[in-house]
$ cat my_file-v6.cif   # mmCIF, C-alpha atoms (C1' of nucleotides)
data_my_file
loop_
_atom_site.label_atom_id
_atom_site.label_comp_id
_atom_site.auth_asym_id
_atom_site.auth_seq_id
_atom_site.Cartn_x
_atom_site.Cartn_y
_atom_site.Cartn_z
CA MET A 266 3.03 21.21 19.27
CA ARG A 267 5.73 21.09 21.85
CA PRO A 268 7.90 18.02 21.66
CA VAL A 269 8.36 16.00 24.78
CA ASP A 270 11.52 16.78 26.63
CA HIS A 271 13.22 13.43 26.77
CA SER A 272 16.42 14.78 28.22
CA ALA A 273 17.24 15.87 31.70
CA PRO A 274 14.91 18.23 33.54
CA PRO A 275 16.03 21.80 34.19
CA GLY A 276 18.40 22.27 37.02
CA GLN A 277 20.59 19.30 36.21
CA GLU A 278 21.82 18.45 39.63
CA ARG A 279 25.38 17.44 40.07
CA ARG A 280 25.35 18.19 43.71
CA ARG A 281 26.01 16.26 46.83
CA GLY A 282 24.84 12.78 47.51
CA ARG A 283 26.36 9.48 46.82
CA ARG A 284 25.28 9.19 43.21
CA PRO A 285 26.20 11.70 40.53
CA GLY A 286 24.54 9.63 37.85
CA GLY A 287 20.95 10.78 37.44
CA GLN A 288 21.20 9.84 33.83
CA GLN A 289 21.88 6.30 34.89
CA THR A 290 18.60 6.21 36.77
CA ARG A 291 16.81 7.55 33.75
CA ASP A 292 18.38 5.02 31.42
CA ALA A 293 17.68 2.18 33.81
CA LEU A 294 14.03 3.21 33.96
CA LEU A 295 13.83 3.36 30.19
CA ALA A 296 15.34 -0.07 29.78
CA ALA A 297 13.10 -1.59 32.43
CA ALA A 298 10.07 0.14 30.92
CA ARG A 299 10.79 -1.18 27.44
CA ALA A 300 11.06 -4.68 28.81
CA GLU A 301 7.91 -4.47 30.89
CA PHE A 302 5.80 -2.75 28.24
CA ALA A 303 6.93 -5.32 25.70
CA GLU A 304 6.13 -8.17 28.03
CA VAL A 305 2.73 -7.26 29.37
CA GLY A 306 1.54 -4.28 27.32
CA PHE A 307 0.70 -0.77 28.40
CA ASP A 308 -2.31 -1.54 30.55
CA GLN A 309 -0.79 -4.31 32.59
CA ALA A 310 2.57 -2.63 33.02
CA ARG A 311 3.01 -1.34 36.55
CA VAL A 312 5.08 1.65 37.42
CA ARG A 313 6.07 0.05 40.67
CA SER A 314 7.25 -3.05 38.89
CA ILE A 315 9.28 -1.06 36.38
CA ALA A 316 10.88 0.99 39.10
CA ALA A 317 11.70 -2.13 41.06
CA ALA A 318 13.31 -3.70 38.01
CA ALA A 319 15.37 -0.57 37.56
CA GLY A 320 16.31 -0.60 41.23
CA VAL A 321 14.99 2.87 41.92
CA ASP A 322 12.06 4.47 43.66
CA PRO A 323 8.74 4.67 41.75
CA ALA A 324 8.75 8.41 42.32
CA MET A 325 11.63 8.61 39.86
CA VAL A 326 9.18 7.86 37.07
CA ASN A 327 7.27 11.02 37.85
CA HIS A 328 10.45 12.95 38.31
CA TRP A 329 12.02 12.02 35.00
CA PHE A 330 9.06 11.39 32.76
CA GLY A 331 6.09 13.05 34.36
CA GLY A 332 4.17 9.82 34.78
CA LYS A 333 3.36 6.52 33.15
CA ASP A 334 2.30 8.14 29.86
CA GLY A 335 5.51 10.07 29.56
CA LEU A 336 7.58 7.02 30.39
CA PHE A 337 5.83 5.11 27.65
CA LEU A 338 6.34 7.92 25.15
CA ALA A 339 10.02 8.12 25.99
CA ALA A 340 10.43 4.36 25.81
CA MET A 341 8.76 4.29 22.42
CA ASP A 342 10.47 7.44 21.13
CA ILE A 343 7.15 9.06 20.36
CA PRO A 344 7.93 12.67 19.55
CA PHE A 345 4.89 14.49 20.84
CA ASP A 346 3.11 15.10 24.06
CA PRO A 347 -0.36 13.56 24.21
CA ALA A 348 -1.46 15.95 26.90
CA VAL A 349 -0.81 18.91 24.62
CA VAL A 350 -2.45 17.16 21.71
CA LEU A 351 -5.51 16.33 23.73
CA ALA A 352 -5.86 19.84 24.99
CA ARG A 353 -5.61 21.22 21.52
CA VAL A 354 -8.14 18.78 20.11
CA LEU A 355 -10.69 19.22 22.87
CA ASP A 356 -10.44 23.00 23.11
CA GLY A 357 -13.21 24.58 21.08
CA GLY A 358 -16.64 23.86 19.71
CA LEU A 359 -17.87 20.31 19.52
CA GLU A 360 -18.81 20.68 15.89
CA GLU A 361 -15.23 21.22 14.79
CA THR A 362 -13.60 18.46 16.79
CA GLY A 363 -13.15 16.28 13.71
CA GLU A 364 -11.38 19.01 11.82
CA ARG A 365 -9.18 19.81 14.80
CA ILE A 366 -8.12 16.19 15.08
CA VAL A 367 -6.99 16.11 11.46
CA ARG A 368 -5.24 19.46 11.68
CA THR A 369 -3.48 18.57 14.90
CA PHE A 370 -2.38 15.20 13.64
CA LEU A 371 -1.00 16.61 10.41
CA THR A 372 0.71 19.50 12.15
CA VAL A 373 2.43 17.23 14.63
CA TRP A 374 3.67 14.71 12.10
CA ASP A 375 4.44 17.11 9.29
CA ALA A 376 6.87 18.83 11.64
CA THR A 377 8.84 15.61 11.96
CA GLY A 378 8.75 14.83 8.27
CA GLY A 379 6.93 11.61 9.05
CA GLY A 380 10.09 9.71 9.94
CA PRO A 381 9.02 8.78 13.46
CA PHE A 382 5.63 7.74 12.17
CA VAL A 383 7.24 5.33 9.76
CA ALA A 384 9.48 4.01 12.50
CA LEU A 385 6.52 3.53 14.79
CA LEU A 386 4.59 1.72 12.14
CA ARG A 387 7.57 -0.45 11.37
CA SER A 388 7.81 -1.69 14.91
CA VAL A 389 4.07 -2.23 15.04
CA ALA A 390 4.17 -4.29 11.88
CA ASN A 391 7.19 -6.31 12.91
CA HIS A 392 6.55 -7.04 16.55
CA GLU A 393 3.36 -8.31 18.03
CA THR A 394 4.40 -6.78 21.34
CA ALA A 395 4.73 -3.36 19.77
CA ALA A 396 1.29 -3.71 18.25
CA ARG A 397 -0.13 -4.52 21.64
CA MET A 398 1.61 -1.60 23.30
CA ILE A 399 0.51 0.90 20.73
CA ARG A 400 -2.99 -0.49 20.63
CA GLU A 401 -3.49 -0.17 24.34
CA PHE A 402 -1.87 3.21 24.62
CA VAL A 403 -3.68 4.75 21.69
CA SER A 404 -6.96 3.22 22.68
CA GLU A 405 -6.69 4.13 26.32
CA VAL A 406 -4.92 7.45 26.42
CA LEU A 407 -5.61 9.16 23.15
CA ILE A 408 -8.74 7.98 21.46
CA GLY A 409 -10.67 6.90 24.50
CA ARG A 410 -10.44 10.28 26.13
CA ILE A 411 -11.47 12.13 23.03
CA ALA A 412 -14.45 9.92 22.41
CA ALA A 413 -15.51 10.02 26.02
CA ALA A 414 -15.42 13.79 25.93
CA VAL A 415 -17.47 14.41 22.82
CA SER A 416 -19.55 11.38 21.92
CA THR A 417 -22.71 10.20 23.62
CA ASP A 418 -22.84 6.49 22.91
CA GLN A 419 -20.65 3.73 21.57
CA HIS A 420 -17.54 5.54 22.70
CA ARG A 421 -15.16 2.76 21.86
CA LEU A 422 -16.47 2.07 18.38
CA ARG A 423 -16.53 5.76 17.54
CA ALA A 424 -13.03 6.17 18.88
CA ALA A 425 -11.71 3.18 16.98
CA LEU A 426 -13.27 4.42 13.75
CA CYS A 427 -11.53 7.75 14.21
CA GLY A 428 -8.32 5.94 14.91
CA SER A 429 -8.59 3.89 11.76
CA GLN A 430 -9.05 6.94 9.56
CA VAL A 431 -6.24 8.84 11.24
CA VAL A 432 -3.86 5.90 10.98
CA GLY A 433 -4.83 5.45 7.36
CA LEU A 434 -4.17 9.11 6.72
CA GLY A 435 -0.72 8.74 8.24
CA MET A 436 -0.05 5.66 6.18
CA ALA A 437 -1.07 7.40 2.97
CA ARG A 438 0.82 10.62 3.66
CA TYR A 439 4.00 9.39 5.32
CA VAL A 440 4.51 5.73 4.53
CA ILE A 441 2.99 4.89 1.16
CA ARG A 442 3.24 8.52 0.02
CA LEU A 443 0.08 8.17 -1.97
CA GLU A 444 -0.59 11.19 -4.12
CA PRO A 445 -2.23 13.62 -3.91
CA ILE A 446 -2.53 13.05 -0.16
CA ALA A 447 1.22 13.04 0.36
CA SER A 448 1.61 16.55 -1.06
CA ALA A 449 -1.78 18.02 -0.24
CA GLU A 450 -2.18 21.18 1.79
CA VAL A 451 -3.25 20.64 5.38
CA ASP A 452 -6.40 22.67 4.77
CA THR A 453 -7.43 20.43 1.92
CA LEU A 454 -7.17 17.31 4.03
CA VAL A 455 -8.85 18.97 6.98
CA ALA A 456 -11.81 19.89 4.81
CA ALA A 457 -12.03 16.43 3.28
CA ILE A 458 -11.42 14.22 6.29
CA GLY A 459 -12.64 16.38 9.16
CA PRO A 460 -16.32 15.67 8.47
CA THR A 461 -15.58 11.97 8.46
CA LEU A 462 -14.18 12.09 11.97
CA GLN A 463 -16.98 14.37 13.06
CA ARG A 464 -19.55 11.85 11.91
CA TYR A 465 -17.64 9.04 13.59
CA LEU A 466 -17.69 11.04 16.83
CA THR A 467 -21.17 12.50 16.94
CA GLY A 468 -23.12 11.36 13.88
CA PRO A 469 -25.20 8.29 13.14
CA LEU A 470 -23.24 5.12 12.56
CA ALA A 471 -25.89 3.28 10.57
CA MET B 70 17.39 2.59 -33.95
CA ARG B 71 17.66 -1.11 -33.99
CA PRO B 72 17.63 -2.58 -37.48
CA VAL B 73 16.67 -6.22 -37.23
CA ASP B 74 18.35 -8.54 -39.62
CA HIS B 75 15.89 -11.25 -40.44
CA SER B 76 17.76 -12.68 -43.36
CA ALA B 77 20.73 -13.82 -41.35
CA PRO B 78 19.81 -15.01 -37.85
CA PRO B 79 23.03 -14.49 -35.92
CA GLY B 80 24.07 -17.73 -34.39
CA GLN B 81 21.65 -18.29 -31.56
CA GLU B 82 18.16 -18.78 -32.86
CA ARG B 83 15.74 -19.42 -30.04
CA ARG B 84 13.99 -22.71 -30.41
CA ARG B 85 10.29 -22.55 -30.69
CA GLY B 86 7.85 -25.08 -29.46
CA ARG B 87 7.24 -26.79 -26.21
CA ARG B 88 10.13 -27.78 -24.00
CA PRO B 89 10.05 -29.52 -20.65
CA GLY B 90 10.08 -27.48 -17.51
CA GLY B 91 7.71 -24.63 -18.15
CA GLN B 92 7.98 -23.85 -14.48
CA GLN B 93 11.51 -22.71 -15.13
CA THR B 94 10.26 -20.01 -17.43
CA ARG B 95 7.67 -19.00 -14.87
CA ASP B 96 10.21 -18.85 -12.07
CA ALA B 97 12.69 -16.94 -14.19
CA LEU B 98 10.00 -14.38 -14.97
CA LEU B 99 9.09 -14.07 -11.30
CA ALA B 100 12.69 -13.53 -10.28
CA ALA B 101 13.32 -11.01 -13.02
CA ALA B 102 10.05 -9.26 -12.20
CA ARG B 103 10.90 -8.93 -8.50
CA ALA B 104 14.24 -7.40 -9.39
CA GLU B 105 12.82 -5.00 -11.92
CA PHE B 106 9.81 -3.94 -9.86
CA ALA B 107 12.06 -3.37 -6.87
CA GLU B 108 14.51 -1.35 -8.89
CA VAL B 109 12.28 0.95 -10.90
CA GLY B 110 8.78 0.53 -9.45
CA PHE B 111 5.60 -0.68 -11.07
CA ASP B 112 5.10 2.10 -13.58
CA GLN B 113 8.61 2.13 -14.96
CA ALA B 114 8.99 -1.64 -15.03
CA ARG B 115 8.74 -2.92 -18.58
CA VAL B 116 7.33 -6.28 -19.49
CA ARG B 117 9.76 -6.48 -22.36
CA SER B 118 12.67 -5.75 -20.07
CA ILE B 119 11.60 -8.35 -17.53
CA ALA B 120 11.16 -10.94 -20.24
CA ALA B 121 14.56 -10.12 -21.68
CA ALA B 122 16.16 -10.48 -18.26
CA ALA B 123 14.46 -13.85 -17.92
CA GLY B 124 15.61 -14.80 -21.40
CA VAL B 125 12.12 -15.47 -22.72
CA ASP B 126 9.55 -13.87 -24.96
CA PRO B 127 7.40 -11.04 -23.58
CA ALA B 128 4.33 -13.00 -24.55
CA MET B 129 5.24 -15.46 -21.80
CA VAL B 130 4.15 -12.86 -19.25
CA ASN B 131 0.69 -12.96 -20.67
CA HIS B 132 0.71 -16.70 -20.98
CA TRP B 133 1.76 -17.41 -17.42
CA PHE B 134 0.38 -14.45 -15.50
CA GLY B 135 -2.27 -12.91 -17.70
CA GLY B 136 -0.43 -9.63 -18.05
CA LYS B 137 1.66 -7.13 -16.16
CA ASP B 138 -0.85 -6.85 -13.31
CA GLY B 139 -0.88 -10.58 -12.74
CA LEU B 140 2.88 -10.75 -12.87
CA PHE B 141 3.10 -8.07 -10.22
CA LEU B 142 0.57 -9.79 -7.99
CA ALA B 143 2.42 -13.08 -8.29
CA ALA B 144 5.77 -11.42 -7.64
CA MET B 145 4.38 -9.68 -4.55
CA ASP B 146 2.40 -12.68 -3.32
CA ILE B 147 -0.78 -10.66 -3.20
CA PRO B 148 -3.52 -13.17 -2.49
CA PHE B 149 -6.45 -11.70 -4.40
CA ASP B 150 -7.36 -10.87 -7.92
CA PRO B 151 -7.89 -7.16 -8.47
CA ALA B 152 -9.97 -7.80 -11.56
CA VAL B 153 -12.47 -9.79 -9.52
CA VAL B 154 -12.43 -7.23 -6.76
CA LEU B 155 -12.97 -4.39 -9.16
CA ALA B 156 -15.86 -6.13 -10.85
CA ARG B 157 -17.48 -6.80 -7.53
CA VAL B 158 -17.05 -3.24 -6.36
CA LEU B 159 -18.26 -1.60 -9.53
CA ASP B 160 -21.22 -3.89 -10.14
CA GLY B 161 -24.37 -2.27 -8.82
CA GLY B 162 -25.84 1.10 -7.99
CA LEU B 163 -23.58 4.09 -7.60
CA GLU B 164 -25.07 4.99 -4.25
CA GLU B 165 -23.84 1.80 -2.61
CA THR B 166 -20.32 1.77 -3.99
CA GLY B 167 -18.84 2.85 -0.69
CA GLU B 168 -20.52 0.06 1.21
CA ARG B 169 -19.50 -2.49 -1.40
CA ILE B 170 -15.88 -1.43 -1.11
CA VAL B 171 -15.88 -1.99 2.64
CA ARG B 172 -17.72 -5.28 2.39
CA THR B 173 -15.49 -6.56 -0.39
CA PHE B 174 -12.32 -5.54 1.39
CA LEU B 175 -13.35 -7.17 4.65
CA THR B 176 -14.58 -10.32 2.97
CA VAL B 177 -11.37 -10.77 1.02
CA TRP B 178 -9.05 -10.19 3.95
CA ASP B 179 -11.12 -11.87 6.63
CA ALA B 180 -10.92 -15.05 4.58
CA THR B 181 -7.13 -14.98 4.90
CA GLY B 182 -7.18 -14.15 8.59
CA GLY B 183 -5.35 -10.95 7.81
CA GLY B 184 -1.94 -12.63 7.71
CA PRO B 185 -1.09 -11.59 4.17
CA PHE B 186 -2.22 -8.06 4.93
CA VAL B 187 0.20 -7.87 7.82
CA ALA B 188 2.96 -9.31 5.65
CA LEU B 189 2.23 -6.80 2.93
CA LEU B 190 2.26 -3.94 5.38
CA ARG B 191 5.47 -5.20 6.87
CA SER B 192 7.28 -5.08 3.57
CA VAL B 193 5.83 -1.65 2.85
CA ALA B 194 7.03 -0.34 6.18
CA ASN B 195 10.47 -1.88 5.95
CA HIS B 196 11.43 -1.32 2.36
CA GLU B 197 11.16 1.92 0.50
CA THR B 198 11.07 -0.03 -2.73
CA ALA B 199 8.08 -2.04 -1.55
CA ALA B 200 6.30 1.15 -0.61
CA ARG B 201 6.90 2.52 -4.06
CA MET B 202 5.69 -0.62 -5.77
CA ILE B 203 2.54 -0.86 -3.74
CA ARG B 204 1.86 2.84 -4.07
CA GLU B 205 2.07 2.81 -7.82
CA PHE B 206 0.13 -0.39 -8.24
CA VAL B 207 -2.65 0.54 -5.86
CA SER B 208 -2.88 4.03 -7.24
CA GLU B 209 -2.81 2.96 -10.85
CA VAL B 210 -4.68 -0.30 -10.97
CA LEU B 211 -7.09 -0.32 -8.07
CA ILE B 212 -8.00 3.12 -6.84
CA GLY B 213 -7.65 4.98 -10.08
CA ARG B 214 -10.07 2.74 -11.89
CA ILE B 215 -12.69 2.91 -9.18
CA ALA B 216 -12.55 6.66 -8.92
CA ALA B 217 -12.60 7.13 -12.66
CA ALA B 218 -15.69 4.96 -12.86
CA VAL B 219 -17.82 6.62 -10.20
CA SER B 220 -16.61 10.10 -9.38
CA THR B 221 -17.02 13.20 -11.44
CA ASP B 222 -14.13 15.41 -10.43
CA GLN B 223 -10.92 15.21 -8.45
CA HIS B 224 -10.61 11.52 -9.22
CA ARG B 225 -7.21 11.09 -7.67
CA LEU B 226 -7.94 12.90 -4.42
CA ARG B 227 -11.20 11.03 -3.98
CA ALA B 228 -9.49 7.75 -4.73
CA ALA B 229 -6.63 8.43 -2.35
CA LEU B 230 -9.04 9.38 0.44
CA CYS B 231 -10.83 6.08 -0.02
CA GLY B 232 -7.53 4.30 0.01
CA SER B 233 -6.50 5.95 3.25
CA GLN B 234 -9.67 4.87 5.04
CA VAL B 235 -9.47 1.35 3.69
CA VAL B 236 -5.83 0.98 4.66
CA GLY B 237 -6.60 2.37 8.09
CA LEU B 238 -9.43 -0.11 8.48
CA GLY B 239 -7.05 -2.93 7.62
CA MET B 240 -4.48 -1.61 10.05
CA ALA B 241 -7.02 -1.41 12.87
CA ARG B 242 -8.61 -4.80 12.22
CA TYR B 243 -5.63 -6.94 11.26
CA VAL B 244 -2.44 -5.30 12.47
CA ILE B 245 -3.13 -3.27 15.60
CA ARG B 246 -6.24 -5.31 16.38
CA LEU B 247 -7.94 -2.29 17.83
CA GLU B 248 -11.20 -3.15 19.53
CA PRO B 249 -14.03 -3.13 18.79
CA ILE B 250 -13.06 -2.94 15.12
CA ALA B 251 -10.99 -6.11 15.27
CA SER B 252 -13.95 -8.22 16.38
CA ALA B 253 -16.81 -6.27 14.85
CA GLU B 254 -19.30 -7.84 12.48
CA VAL B 255 -18.78 -7.01 8.84
CA ASP B 256 -22.22 -5.42 8.67
CA THR B 257 -21.39 -3.08 11.51
CA LEU B 258 -18.29 -1.80 9.79
CA VAL B 259 -20.03 -1.58 6.43
CA ALA B 260 -22.74 0.58 7.97
CA ALA B 261 -20.23 2.78 9.77
CA ILE B 262 -17.53 3.21 7.14
CA GLY B 263 -19.46 2.76 3.89
CA PRO B 264 -20.94 6.28 4.01
CA THR B 265 -17.47 7.69 4.52
CA LEU B 266 -16.21 6.15 1.30
CA GLN B 267 -19.40 7.14 -0.48
CA ARG B 268 -18.85 10.75 0.45
CA TYR B 269 -15.21 10.55 -0.59
CA LEU B 270 -16.31 9.22 -3.97
CA THR B 271 -19.35 11.29 -4.84
CA GLY B 272 -19.97 13.81 -2.08
CA PRO B 273 -18.62 17.28 -1.41
CA LEU B 274 -15.06 17.44 -0.21
CA ALA B 275 -15.24 20.83 1.43
"C1'" DG C 27 -2.99 -37.43 -33.34
"C1'" DT C 28 -3.68 -33.75 -28.89
"C1'" DC C 29 -1.87 -30.52 -25.79
"C1'" DT C 30 0.89 -26.73 -24.63
"C1'" DA C 31 5.16 -24.00 -24.05
"C1'" DT C 32 7.19 -21.18 -27.00
"C1'" DA C 33 8.54 -17.44 -30.62
"C1'" DC C 34 7.50 -13.90 -33.78
"C1'" DA C 35 4.86 -10.38 -35.80
"C1'" DA C 36 1.65 -7.01 -35.43
"C1'" DC C 37 -2.06 -4.18 -33.31
"C1'" DG C 38 -3.95 -0.07 -30.81
"C1'" DA C 39 -2.65 3.32 -27.51
"C1'" DT C 40 0.33 6.73 -25.90
"C1'" DA C 41 3.92 9.98 -25.44
"C1'" DG C 42 7.43 12.94 -27.31
"C1'" DA C 43 10.04 15.12 -31.14
"C1'" DC C 44 9.71 17.79 -34.95
"C1'" DG D 237 -0.56 18.76 -36.83
"C1'" DT D 238 2.88 14.40 -38.46
"C1'" DC D 239 6.32 11.18 -37.50
"C1'" DT D 240 8.54 7.96 -34.56
"C1'" DA D 241 9.51 5.10 -30.81
"C1'" DT D 242 7.82 2.25 -27.29
"C1'" DC D 243 4.53 0.43 -24.48
"C1'" DG D 244 1.23 -3.74 -23.14
"C1'" DT D 245 -1.10 -6.98 -25.36
"C1'" DT D 246 -2.88 -10.40 -28.84
"C1'" DG D 247 -3.01 -13.69 -32.76
"C1'" DT D 248 -1.02 -17.31 -34.65
"C1'" DA D 249 2.35 -20.52 -36.26
"C1'" DT D 250 5.72 -23.93 -34.62
"C1'" DA D 251 7.89 -27.49 -32.17
"C1'" DG D 252 8.26 -30.65 -28.77
"C1'" DA D 253 6.02 -33.69 -25.07
"C1'" DC D 254 2.40 -36.91 -24.52
#

$ encode --input "my_file-v6.cif" --output "structure tokens"
Amino acid sequence: MRPVDHSAPPGQERRRGRRPGGQQTRDALLAAARAEFAEVGFDQARVRSIAAAAGVDPAMVNHWFGGKDGLFLAAMDIPFDPAVVLARVLDGGLEETGERIVRTFLTVWDATGGGPFVALLRSVANHETAARMIREFVSEVLIGRIAAAVSTDQHRLRAALCGSQVVGLGMARYVIRLEPIASAEVDTLVAAIGPTLQRYLTGPLA
Amino acid sequence: MRPVDHSAPPGQERRRGRRPGGQQTRDALLAAARAEFAEVGFDQARVRSIAAAAGVDPAMVNHWFGGKDGLFLAAMDIPFDPAVVLARVLDGGLEETGERIVRTFLTVWDATGGGPFVALLRSVANHETAARMIREFVSEVLIGRIAAAVSTDQHRLRAALCGSQVVGLGMARYVIRLEPIASAEVDTLVAAIGPTLQRYLTGPLA
DNA sequence: GTCTATACAACGATAGAC
DNA sequence: GTCTATCGTTGTATAGAC
């Protein structure tokens, strides 16, 4: 799981032109993005509006962050790349999607020791705006795409059910540190929880 | 190690009998309990130690709070009675235990609007001590007893898996407000999530 | 007198030392 | 195994408020 490169892109240019401060543009975008995401949420936030608030061209968002998703991830300090995660989850047989979700999730967050997960949860619990941002981003970008790709009906309910179990797993393993989940092997949790997600995605819900 | 001299009560003999201001005793116990629970967690907290810190008899814990559990619930402002919840969950056929857990959980927290759940989660996320307290209490008092009552092997893993899904459900419905879980009918969620908990409790885990 | 907050002793369970 | 210490809890007597 490759972490998102939040720093400068390769070929750090300190060449001609009036402004040597590319980092300033990046920081201005981040600040404007945090304000806009906090104010109107992920869905309603507009790249053009953020860029205007930062006083730069909207193309700078693509240049520095690869798009709206990346800008959000950088603004929220989320330490993984959803595109990579999605690819990894969706690559393979449909029957093992549930297990791949659990394994991917645990691999990503275990690598960070869970610290960022706790920080994310803290902001979600403390700020209504953070809850809205995370809700919309997770629902739209992560879960929605998975569910749309593998489930036939009730995409949103199936996706939300998956989300609830995954979030609960993160809570138990990284925040509450509930044993034996906190210390369990990844394989153990994959075997136990994978079928749950699989049923949420493709099984009967009643 | 501590020889008690009953023949010569040294100076301060505590007065027995009713005195005005029983609330003072109650409040002193609550304050002492919060300090002790925060310092050493639920397991290592001692009723005798809390009572001593409050300057009263240990039996006062039972008188005012019904026991250590009740004292903890009062100190943490947890707005439900685990004894009632446990009875409700465990009363009935084994095959429907999973569904009863979901229904009971949703009924209890829906009645409060989810506010206390958010508050509880907030303290868990913000304070390591709160996380420890909740972890030990939930593991010991709630989950452990359910799993011991209905599952045959791997009690603690089964219990923790149930806990993770229930916590995740609460996160989705009350904190993140992830649709359609946030607005779903109780019956819908019972039908969708109940089988998950049932498998965690009595089904195969691999 | 009744009611109740209180104190003290003791019980069963449990864990560790020997 | 036995002994010991400590735990949460309970039973009951006492003293003060009413």

$ atom_distance --input "my_file-v6.cif" --atom1 "atom CA of Phe141 of chain B" --atom2 "atom CA of Leu270 of chain B"
26.7 Å

$ calpha_fit_rmsd --input "my_file-v6.cif" --fixed "chain A" --moving "chain B"
8.7 Å

$ resolve_selection --input "my_file-v6.cif" --expression "the PyMOL selection byres ((chain B and resi 126-140) around 9)" --output "JSON, numbers by chain"
{"B": [94, 95, 98, 99, 102, 115, 116, 117, 118, 119, 120, 121, 123, 124, 125, 141, 142, 143, 144, 145, 150, 151, 206, 210], "C": [31, 32, 33], "D": [244, 245, 246]}

$ closest_residue --input "my_file-v6.cif" --among "B:Pro273, B:Gly213, B:Gly91, B:Gly161" --to "DA253 of chain D" --atoms "all atoms listed in the file"
B:Gly91

$ resolve_selection --input "my_file-v6.cif" --expression "the PyMOL selection byres ((chain B) within 6 of (chain A))" --output "ChimeraX atom specification"
/B:191,194,200,204,226,233-234,236-238,241,245,247,249,260-261,274-275

$ residues_near_point --input "my_file-v6.cif" --point "(2.8, 11.4, 10.2)" --cutoff "7 Å" --atoms "all atoms listed in the file" --output "PyMOL selection string"
chain A and resi 371+374-375+379+382+435+438-439

$ residues_around --input "my_file-v6.cif" --residues "DG42 of chain C" --least-positions-apart "5" --cutoff "12 Å" --atoms "all atoms listed in the file" --output "ChimeraX atom specification"
/D:239-242

$ atom_distance --input "my_file-v6.cif" --atom1 "atom CA of Asp160 of chain B" --atom2 "atom C1' of DT40 of chain C"
28.7 Å

$ atom_distance --input "my_file-v6.cif" --atom1 "atom CA of Val158 of chain B" --atom2 "atom CA of His224 of chain B"
16.4 Å

$ resolve_selection --input "my_file-v6.cif" --expression "the PyMOL selection byres ((chain D) within 6 of (chain B))" --output "list in words"
DT250, DA251 and DG252 of chain D
